[in-house]
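Novice: Please read through the structure below; I'll follow up with questions.
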Amino acid sequence: MDAPEAPTDADLVARILGGEEELFTLLVDRYKLRLFRFVSRYLGDPEDARDVTQEVFLKLYSALDSFDPRYRFSTWAFRIAGNAAIDHLRRRRIRAIPLELPSDDESDRRPIDPVDGKPDPFEELSRTRLREALDLAIEKLPDDYRELISLRHHGELAYEEIAELKGMPLGTVKNKLFRARQALRDLLPKGAV
């Protein structure tokens, strides 16, 4: 006997809107991991990503009646998740007015600057996307180039240390790193750097 076919997202939405609210857990189960991963790429912090993902499901549930069944539920859900992640980044970046440490002597007041110096949300997103593109491009490099890039930029080794580690002349290390960077630039999408 064949197993019953799972209802489509659109079917589930229609049934939920028809009064079977408990079916929303099926949508949550279908999308929780994918949405969490998606939000995590924006935020870079698993705890924040968990909170925002929960927020996304609350938004999805409360706005379910505005879902247009002519479109895919997944597209709608991911759009809401992307907006929620950007909103979270914006809230994280709200700048407070400078405070001062209390002091008995008025001339000895020291300002406290609570601003953390992090980039704004769009800059963070841009950096995240560039980092992802770089990671993918580095994976496509030949092994020797990938190793040198990794030693120099991830391991933060000096050229001399790499030369010693690899048993290569210093000029060879510099030359190969130059070629590796050129190959990396060629692998990156236009406008990524």
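Chains: A, B, ... in order of the structure tokens. Residues: from 1 per chain. Ligands: from 1, in order shown.
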Excluding Ile86 in chain A and residues on its chain fewer than 5 positions from it, collect all residues at most 9 Å away from it, counting only C-alpha atoms, and give them as a PyMOL selection string.
Specialist: chain A and resi 42-43+81+91+121-122+125
Novice: What's around range 71-80 of chain A at 8 Å? Count only C-alpha atoms, leave out sequence neighbours fewer than 4 positions away in its own chain, and write the answer as a PyMOL selection string.
Specialist: chain A and resi 9-10+35+38+56+59-60+67+84
Novice: Go through A:Glu5, A:Glu147, A:Leu12, A:Arg152 and flag the residue nearest Pro69 in chain A, using only C-alpha atoms for the distances.
Specialist: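 Looking only at the distances to Pro69 in chain A, the closest residue turns out to be A:Leu12.
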Novice: Can you pull out the residues contacting range 165-172 of chain A? Cut-off 12 Å, using only C-alpha atoms, and skip same-chain residues under 6 positions away; I want them as a list in words.
Specialist: Asp144, Glu147, Leu148, Leu151, Arg152, Leu157, Ala158, Tyr159, Phe178, Arg179 and Ala180 of chain A
Novice: Save the residues we just selected, N, CA and C atoms, as a JSON list (two decimals), in the first residue's frame?
Specialist:
```json
[["chain", "number", "residue", "atom", "x", "y", "z"],
["A", 144, "ASP", "N", 48.15, 23.62, -4.25],
["A", 144, "ASP", "CA", 49.31, 24.37, -3.76],
["A", 144, "ASP", "C", 48.97, 25.84, -3.56],
["A", 147, "GLU", "N", 46.76, 26.15, -0.41],
["A", 147, "GLU", "CA", 47.55, 26.02, 0.80],
["A", 147, "GLU", "C", 48.30, 27.31, 1.11],
["A", 148, "LEU", "N", 48.90, 27.92, 0.11],
["A", 148, "LEU", "CA", 49.64, 29.17, 0.33],
["A", 148, "LEU", "C", 48.71, 30.31, 0.76],
["A", 151, "LEU", "N", 47.77, 29.62, 4.37],
["A", 151, "LEU", "CA", 48.87, 29.92, 5.30],
["A", 151, "LEU", "C", 49.05, 31.42, 5.49],
["A", 152, "ARG", "N", 48.97, 32.17, 4.40],
["A", 152, "ARG", "CA", 49.21, 33.61, 4.45],
["A", 152, "ARG", "C", 48.05, 34.36, 5.09],
["A", 157, "LEU", "N", 50.66, 33.88, 8.45],
["A", 157, "LEU", "CA", 52.10, 33.68, 8.47],
["A", 157, "LEU", "C", 52.79, 34.69, 7.55],
["A", 158, "ALA", "N", 53.96, 35.11, 7.95],
["A", 158, "ALA", "CA", 54.77, 36.01, 7.12],
["A", 158, "ALA", "C", 55.33, 35.21, 5.95],
["A", 159, "TYR", "N", 55.70, 35.92, 4.87],
["A", 159, "TYR", "CA", 56.28, 35.26, 3.70],
["A", 159, "TYR", "C", 57.47, 34.39, 4.11],
["A", 178, "PHE", "N", 51.39, 35.59, -5.51],
["A", 178, "PHE", "CA", 50.91, 36.56, -6.50],
["A", 178, "PHE", "C", 50.02, 35.85, -7.52],
["A", 179, "ARG", "N", 50.49, 34.72, -8.02],
["A", 179, "ARG", "CA", 49.71, 33.96, -9.01],
["A", 179, "ARG", "C", 48.43, 33.41, -8.40],
["A", 180, "ALA", "N", 48.51, 32.98, -7.15],
["A", 180, "ALA", "CA", 47.31, 32.46, -6.47],
["A", 180, "ALA", "C", 46.26, 33.55, -6.33]]
```
Novice: To one decimal place in Å, what is the distance between CA of Ser150 in chain A and CA of Val39 in chain A?
Specialist: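 Distance reported for this atom pair: 26.9 Å.
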Novice: May I ask which of the residues A:Pro4, A:Gly44, A:Asp65, A:Val52 is the closest one to Leu17 in chain A, counting only C-alpha atoms?
Specialist: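 Nearest candidate to Leu17 in chain A out of A:Pro4, A:Gly44, A:Asp65, A:Val52: A:Asp65.
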Novice: Between CA of Gly82 in chain A and CA of Leu33 in chain A, measure the distance and give it in Å to one decimal.
Specialist: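 That distance, rounded to one decimal, is 14.6 Å.
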Novice: Using only C-alpha atoms, can you tell me which of A:Leu177, A:Leu64, A:Ile162, A:Ala137 comes closest to Ala14 in chain A?
Specialist: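 Nearest candidate to Ala14 in chain A out of A:Leu177, A:Leu64, A:Ile162, A:Ala137: A:Leu64.
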Novice: Rank A:Glu139, A:Glu132, A:Glu21, A:Glu164 by their smallest atom-to-atom distance to Tyr61 in chain A, using only C-alpha atoms, and report the top residue only.
Specialist: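 Among the listed residues, A:Glu21 lies closest to Tyr61 in chain A.
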Novice: May I have the residues within 12 Å of Arg131 in chain A as a ChimeraX atom specification, using only C-alpha atoms and disregarding those fewer than 3 positions away in the same chain?
Specialist: /A:41-42,44,124-128,134-138,188,192-193
